[in-house]
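Structure file query.cif (mmCIF, C-alpha atoms) follows.
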data_upload
loop_
_atom_site.group_PDB
_atom_site.id
_atom_site.type_symbol
_atom_site.label_atom_id
_atom_site.label_comp_id
_atom_site.auth_asym_id
_atom_site.auth_seq_id
_atom_site.Cartn_x
_atom_site.Cartn_y
_atom_site.Cartn_z
ATOM 1 C CA GLN A 1499 89.922 84.061 97.338
ATOM 2 C CA VAL A 1500 93.406 85.530 97.512
ATOM 3 C CA GLN A 1501 95.932 85.180 100.308
ATOM 4 C CA LEU A 1502 99.134 87.058 101.024
ATOM 5 C CA VAL A 1503 101.761 85.365 103.177
ATOM 6 C CA GLU A 1504 104.741 87.334 104.442
ATOM 7 C CA SER A 1505 108.063 86.119 105.753
ATOM 8 C CA GLY A 1506 111.487 87.459 106.615
ATOM 9 C CA GLY A 1507 110.899 89.712 109.587
ATOM 10 C CA GLY A 1508 113.015 89.567 112.707
ATOM 11 C CA SER A 1509 115.398 91.449 114.948
ATOM 12 C CA VAL A 1510 118.586 93.114 113.790
ATOM 13 C CA GLN A 1511 121.033 95.718 115.016
ATOM 14 C CA ALA A 1512 121.164 99.165 113.510
ATOM 15 C CA GLY A 1513 123.048 99.135 110.232
ATOM 16 C CA GLY A 1514 121.991 95.596 109.455
ATOM 17 C CA SER A 1515 119.816 94.182 106.700
ATOM 18 C CA LEU A 1516 116.654 92.132 106.333
ATOM 19 C CA ARG A 1517 114.717 90.868 103.357
ATOM 20 C CA LEU A 1518 110.958 90.541 103.446
ATOM 21 C CA SER A 1519 109.000 88.319 101.087
ATOM 22 C CA CYS A 1520 105.302 88.182 100.287
ATOM 23 C CA VAL A 1521 103.670 85.497 98.175
ATOM 24 C CA ALA A 1522 100.219 85.937 96.695
ATOM 25 C CA SER A 1523 98.162 82.811 96.064
ATOM 26 C CA GLY A 1524 94.621 81.881 95.126
ATOM 27 C CA SER A 1525 92.383 82.969 92.264
ATOM 28 C CA ILE A 1526 94.682 85.547 90.717
ATOM 29 C CA PHE A 1527 93.926 87.001 87.315
ATOM 30 C CA VAL A 1528 95.539 90.438 87.405
ATOM 31 C CA ILE A 1529 98.007 91.934 89.869
ATOM 32 C CA ASN A 1530 98.030 95.681 89.376
ATOM 33 C CA ALA A 1531 100.360 96.562 92.226
ATOM 34 C CA MET A 1532 102.131 95.102 95.231
ATOM 35 C CA GLY A 1533 103.757 96.903 98.074
ATOM 36 C CA TRP A 1534 104.747 97.178 101.695
ATOM 37 C CA TYR A 1535 103.312 99.298 104.473
ATOM 38 C CA ARG A 1536 104.404 99.544 108.075
ATOM 39 C CA GLN A 1537 102.864 100.523 111.360
ATOM 40 C CA ALA A 1538 104.850 101.454 114.428
ATOM 41 C CA PRO A 1539 103.275 101.520 117.897
ATOM 42 C CA GLY A 1540 101.075 104.578 118.317
ATOM 43 C CA LYS A 1541 101.458 105.610 114.697
ATOM 44 C CA GLN A 1542 99.362 105.316 111.567
ATOM 45 C CA ARG A 1543 100.105 102.758 108.919
ATOM 46 C CA GLU A 1544 102.302 104.262 106.221
ATOM 47 C CA LEU A 1545 103.438 103.321 102.752
ATOM 48 C CA VAL A 1546 107.015 102.073 102.595
ATOM 49 C CA ALA A 1547 107.363 101.047 98.964
ATOM 50 C CA ARG A 1548 105.169 100.042 96.063
ATOM 51 C CA ILE A 1549 105.676 98.508 92.635
ATOM 52 C CA ILE A 1550 103.065 98.576 89.915
ATOM 53 C CA SER A 1551 102.530 96.123 87.072
ATOM 54 C CA GLY A 1552 104.696 98.083 84.639
ATOM 55 C CA GLY A 1553 107.609 97.979 87.049
ATOM 56 C CA SER A 1554 107.494 101.546 88.302
ATOM 57 C CA THR A 1555 108.294 101.974 91.961
ATOM 58 C CA ASN A 1556 107.800 104.580 94.623
ATOM 59 C CA TYR A 1557 109.254 104.849 98.105
ATOM 60 C CA ALA A 1558 108.686 106.742 101.290
ATOM 61 C CA ASP A 1559 111.285 109.483 101.619
ATOM 62 C CA SER A 1560 112.513 107.938 104.856
ATOM 63 C CA VAL A 1561 113.631 104.722 103.123
ATOM 64 C CA LYS A 1562 114.903 105.997 99.769
ATOM 65 C CA GLY A 1563 118.423 104.792 99.109
ATOM 66 C CA ARG A 1564 118.175 102.098 101.794
ATOM 67 C CA PHE A 1565 115.221 99.902 100.769
ATOM 68 C CA THR A 1566 114.593 98.237 97.424
ATOM 69 C CA ILE A 1567 111.325 96.695 96.310
ATOM 70 C CA SER A 1568 111.250 94.056 93.598
ATOM 71 C CA ARG A 1569 108.798 91.575 92.194
ATOM 72 C CA ASP A 1570 108.890 88.117 90.683
ATOM 73 C CA ASN A 1571 105.891 88.036 88.362
ATOM 74 C CA ALA A 1572 106.182 84.322 87.683
ATOM 75 C CA ASP A 1573 105.811 83.499 91.381
ATOM 76 C CA ASN A 1574 103.488 86.361 92.356
ATOM 77 C CA THR A 1575 106.044 87.394 94.945
ATOM 78 C CA VAL A 1576 107.181 90.801 96.100
ATOM 79 C CA TYR A 1577 110.360 91.433 98.048
ATOM 80 C CA LEU A 1578 111.613 94.265 100.191
ATOM 81 C CA GLN A 1579 115.353 94.415 100.683
ATOM 82 C CA MET A 1580 116.068 96.619 103.681
ATOM 83 C CA ASN A 1581 119.614 97.829 104.223
ATOM 84 C CA ILE A 1582 121.192 100.224 106.703
ATOM 85 C CA LEU A 1583 118.297 99.639 109.052
ATOM 86 C CA LYS A 1584 117.612 102.219 111.741
ATOM 87 C CA PRO A 1585 115.759 101.923 115.053
ATOM 88 C CA GLU A 1586 113.007 104.102 113.581
ATOM 89 C CA ASP A 1587 112.353 101.358 111.009
ATOM 90 C CA THR A 1588 110.967 99.211 113.832
ATOM 91 C CA ALA A 1589 107.360 98.355 112.995
ATOM 92 C CA VAL A 1590 105.006 95.669 111.817
ATOM 93 C CA TYR A 1591 105.394 95.419 108.064
ATOM 94 C CA TYR A 1592 102.348 94.519 105.989
ATOM 95 C CA CYS A 1593 102.232 93.287 102.448
ATOM 96 C CA ASN A 1594 99.540 94.869 100.289
ATOM 97 C CA ALA A 1595 98.410 93.858 96.826
ATOM 98 C CA HIS A 1596 95.821 95.151 94.382
ATOM 99 C CA ILE A 1597 94.585 91.963 92.735
ATOM 100 C CA ASN A 1598 91.529 91.469 90.527
ATOM 101 C CA SER A 1599 90.406 95.029 91.424
ATOM 102 C CA PHE A 1600 90.473 94.343 95.170
ATOM 103 C CA ASP A 1601 92.958 95.241 97.880
ATOM 104 C CA TYR A 1602 94.408 92.473 100.035
ATOM 105 C CA TRP A 1603 96.606 92.548 103.117
ATOM 106 C CA GLY A 1604 98.995 90.120 104.693
ATOM 107 C CA GLN A 1605 99.005 89.301 108.374
ATOM 108 C CA GLY A 1606 102.074 91.422 109.078
ATOM 109 C CA THR A 1607 105.612 90.617 110.107
ATOM 110 C CA GLN A 1608 107.534 92.284 112.923
ATOM 111 C CA VAL A 1609 110.790 94.074 112.203
ATOM 112 C CA THR A 1610 112.761 95.239 115.228
ATOM 113 C CA VAL A 1611 115.946 97.281 114.909
ATOM 114 C CA SER A 1612 118.021 97.824 118.038
ATOM 115 C CA SER A 1613 120.536 100.607 118.518
#
Could you render the structure from this file as structure tokens?
Amino acid sequence: QVQLVESGGGSVQAGGSLRLSCVASGSIFVINAMGWYRQAPGKQRELVARIISGGSTNYADSVKGRFTISRDNADNTVYLQMNILKPEDTAVYYCNAHINSFDYWGQGTQVTVSS
């Protein structure tokens, strides 16, 4: 079995920064992609950023230039550096990983940005 454990959420004022981390553990043979999604109250879950095994990344238009996704392959960890945070970034952020041909989700971490 595979587990994803997130950390790094919290509350910050607009313009501030946070860094999210997600560690994958368990019976891992191949990690094809890791990424972050978010879900705000009353809204659908949306992709924030994703990084595939070759290192290519893609971002939601709303976070381009402010968020950076990176990955430590040795530690099976993915990071999301979030800068210039806005109140509209407030959401529960979920780690997602495509491992051994299956999709896995973390438990979610709350990010709250106040104006």
Using all atoms listed in the file - which residues lie no farther than 10 Å from the point (112.1, 84.2, 106.1) in the file's frame? Write them as a list of chain:residue names.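 Residues found, by chain and rising number: A:Glu1504, A:Ser1505, A:Gly1506, A:Gly1507, A:Gly1508, A:Leu1516, A:Arg1517, A:Leu1518, A:Ser1519, A:Cys1520, A:Thr1607.
What the PyMOL selection byres ((chain A and resi 1573-1580) around 7) matches in the given file is Ser1515, Leu1516, Arg1517, Leu1518, Ser1519, Cys1520, Val1521, Ala1522, Met1532, Arg1564, Phe1565, Thr1566, Ile1567, Ser1568, Arg1569, Asp1570, Asn1571, Ala1572, Asn1581, Ile1582 and Leu1583 of chain A.
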For range 1545-1553 of chain A, find every residue with an atom within 6 Å (counting all atoms listed in the file), except residues of its own chain fewer than 4 positions away, and show them as a VMD selection string. chain A and resid 1530 to 1535 1557 to 1558
Kindly export the residues of the current selection with C-alpha atoms, as an mmCIF file, in the coordinates of the input.
data_model
loop_
_atom_site.group_PDB
_atom_site.id
_atom_site.type_symbol
_atom_site.label_atom_id
_atom_site.label_comp_id
_atom_site.auth_asym_id
_atom_site.auth_seq_id
_atom_site.Cartn_x
_atom_site.Cartn_y
_atom_site.Cartn_z
ATOM 1 C CA ASN A 1530 98.030 95.681 89.376
ATOM 2 C CA ALA A 1531 100.360 96.562 92.226
ATOM 3 C CA MET A 1532 102.131 95.102 95.231
ATOM 4 C CA GLY A 1533 103.757 96.903 98.074
ATOM 5 C CA TRP A 1534 104.747 97.178 101.695
ATOM 6 C CA TYR A 1535 103.312 99.298 104.473
ATOM 7 C CA TYR A 1557 109.254 104.849 98.105
ATOM 8 C CA ALA A 1558 108.686 106.742 101.290
#
Please compute the CA of Val1500 in chain A-CA of Cys1593 in chain A distance, one decimal, in Å.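 Taking CA of Val1500 in chain A and CA of Cys1593 in chain A, their separation equals 12.7 Å.
Atom pair CA of Val1510 in chain A / CA of Ser1613 in chain A has a distance of 9.1 Å (rounded to one decimal).
Across A:Gln1537, A:Asn1598, A:Thr1610, A:Gln1542, the tightest approach to Gln1499 in chain A is made by A:Asn1598 when counting all atoms listed in the file.
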Could you check how far CA of Tyr1591 in chain A sits from CA of Gln1608 in chain A, in Å to one decimal?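 Straight-line distance from CA of Tyr1591 in chain A to CA of Gln1608 in chain A works out to 6.2 Å.
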Output, as JSON, the centre and edge lengths in Å (one decimal) of the axis-aligned box that contains all listed atoms of range 1520-1533 of chain A with 5 Å of margin on each side.
{"center_x": 98.8, "center_y": 89.4, "center_z": 93.8, "size_x": 22.9, "size_y": 25.0, "size_z": 23.0}
Nearest to Leu1502 in chain A: which of A:Ser1560, A:Ser1523, A:Thr1588, A:Ser1612 is it, counting only C-alpha atoms?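 With only C-alpha atoms as the atom set, the closest residue is A:Ser1523.
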Nearest candidate to Ser1599 in chain A (options A:Gly1514, A:Thr1555, A:Val1528, A:Ser1509; using all atoms listed in the file): A:Val1528
Hey, could you patch up range 1579-1601 of chain A with N, CA, C and O atoms and hand it over as an mmCIF file, in the coordinates of the input?
data_model
loop_
_atom_site.group_PDB
_atom_site.id
_atom_site.type_symbol
_atom_site.label_atom_id
_atom_site.label_comp_id
_atom_site.auth_asym_id
_atom_site.auth_seq_id
_atom_site.Cartn_x
_atom_site.Cartn_y
_atom_site.Cartn_z
ATOM 1 N N GLN A 1579 114.001 94.483 100.144
ATOM 2 C CA GLN A 1579 115.353 94.415 100.683
ATOM 3 C C GLN A 1579 115.599 95.669 101.496
ATOM 4 O O GLN A 1579 115.513 96.784 100.970
ATOM 5 N N MET A 1580 115.891 95.487 102.767
ATOM 6 C CA MET A 1580 116.068 96.619 103.681
ATOM 7 C C MET A 1580 117.504 96.629 104.180
ATOM 8 O O MET A 1580 117.948 95.695 104.854
ATOM 9 N N ASN A 1581 118.219 97.662 103.820
ATOM 10 C CA ASN A 1581 119.614 97.829 104.223
ATOM 11 C C ASN A 1581 119.770 99.050 105.121
ATOM 12 O O ASN A 1581 118.900 99.930 105.139
ATOM 13 N N ILE A 1582 120.883 99.106 105.813
ATOM 14 C CA ILE A 1582 121.192 100.224 106.703
ATOM 15 C C ILE A 1582 119.993 100.524 107.599
ATOM 16 O O ILE A 1582 119.509 101.664 107.692
ATOM 17 N N LEU A 1583 119.488 99.485 108.229
ATOM 18 C CA LEU A 1583 118.297 99.639 109.052
ATOM 19 C C LEU A 1583 118.571 100.531 110.254
ATOM 20 O O LEU A 1583 119.675 100.539 110.819
ATOM 21 N N LYS A 1584 117.548 101.286 110.626
ATOM 22 C CA LYS A 1584 117.612 102.219 111.741
ATOM 23 C C LYS A 1584 116.566 101.840 112.788
ATOM 24 O O LYS A 1584 115.545 101.225 112.445
ATOM 25 N N PRO A 1585 116.771 102.220 114.033
ATOM 26 C CA PRO A 1585 115.759 101.923 115.053
ATOM 27 C C PRO A 1585 114.371 102.441 114.680
ATOM 28 O O PRO A 1585 113.359 101.803 115.012
ATOM 29 N N GLU A 1586 114.311 103.555 113.969
ATOM 30 C CA GLU A 1586 113.007 104.102 113.581
ATOM 31 C C GLU A 1586 112.309 103.284 112.491
ATOM 32 O O GLU A 1586 111.162 103.559 112.154
ATOM 33 N N ASP A 1587 112.988 102.281 111.956
ATOM 34 C CA ASP A 1587 112.353 101.358 111.009
ATOM 35 C C ASP A 1587 111.573 100.268 111.739
ATOM 36 O O ASP A 1587 110.870 99.477 111.092
ATOM 37 N N THR A 1588 111.686 100.221 113.053
ATOM 38 C CA THR A 1588 110.967 99.211 113.832
ATOM 39 C C THR A 1588 109.462 99.376 113.666
ATOM 40 O O THR A 1588 108.922 100.469 113.882
ATOM 41 N N ALA A 1589 108.798 98.308 113.261
ATOM 42 C CA ALA A 1589 107.360 98.355 112.995
ATOM 43 C C ALA A 1589 106.888 96.965 112.584
ATOM 44 O O ALA A 1589 107.699 96.063 112.347
ATOM 45 N N VAL A 1590 105.584 96.837 112.480
ATOM 46 C CA VAL A 1590 105.006 95.669 111.817
ATOM 47 C C VAL A 1590 104.866 96.029 110.343
ATOM 48 O O VAL A 1590 104.287 97.063 110.005
ATOM 49 N N TYR A 1591 105.422 95.189 109.503
ATOM 50 C CA TYR A 1591 105.394 95.419 108.064
ATOM 51 C C TYR A 1591 104.309 94.559 107.433
ATOM 52 O O TYR A 1591 104.252 93.337 107.659
ATOM 53 N N TYR A 1592 103.470 95.199 106.626
ATOM 54 C CA TYR A 1592 102.348 94.519 105.989
ATOM 55 C C TYR A 1592 102.507 94.527 104.475
ATOM 56 O O TYR A 1592 102.792 95.569 103.877
ATOM 57 N N CYS A 1593 102.275 93.382 103.897
ATOM 58 C CA CYS A 1593 102.232 93.287 102.448
ATOM 59 C C CYS A 1593 100.842 93.707 101.980
ATOM 60 O O CYS A 1593 99.833 93.358 102.609
ATOM 61 N N ASN A 1594 100.806 94.437 100.884
ATOM 62 C CA ASN A 1594 99.540 94.869 100.289
ATOM 63 C C ASN A 1594 99.586 94.575 98.803
ATOM 64 O O ASN A 1594 100.620 94.737 98.155
ATOM 65 N N ALA A 1595 98.463 94.127 98.260
ATOM 66 C CA ALA A 1595 98.410 93.858 96.826
ATOM 67 C C ALA A 1595 97.043 94.229 96.280
ATOM 68 O O ALA A 1595 96.025 93.991 96.932
ATOM 69 N N HIS A 1596 97.063 94.825 95.086
ATOM 70 C CA HIS A 1596 95.821 95.151 94.382
ATOM 71 C C HIS A 1596 95.648 94.091 93.312
ATOM 72 O O HIS A 1596 96.367 94.098 92.298
ATOM 73 N N ILE A 1597 94.751 93.144 93.579
ATOM 74 C CA ILE A 1597 94.585 91.963 92.735
ATOM 75 C C ILE A 1597 93.129 91.830 92.329
ATOM 76 O O ILE A 1597 92.243 91.880 93.178
ATOM 77 N N ASN A 1598 92.901 91.657 91.023
ATOM 78 C CA ASN A 1598 91.529 91.469 90.527
ATOM 79 C C ASN A 1598 90.620 92.612 91.002
ATOM 80 O O ASN A 1598 89.458 92.388 91.336
ATOM 81 N N SER A 1599 91.156 93.820 91.052
ATOM 82 C CA SER A 1599 90.406 95.029 91.424
ATOM 83 C C SER A 1599 90.080 95.130 92.905
ATOM 84 O O SER A 1599 89.262 95.966 93.306
ATOM 85 N N PHE A 1600 90.680 94.274 93.718
ATOM 86 C CA PHE A 1600 90.473 94.343 95.170
ATOM 87 C C PHE A 1600 91.821 94.510 95.866
ATOM 88 O O PHE A 1600 92.845 94.075 95.354
ATOM 89 N N ASP A 1601 91.764 95.094 97.055
ATOM 90 C CA ASP A 1601 92.958 95.241 97.880
ATOM 91 C C ASP A 1601 93.020 94.113 98.898
ATOM 92 O O ASP A 1601 92.010 93.788 99.547
#
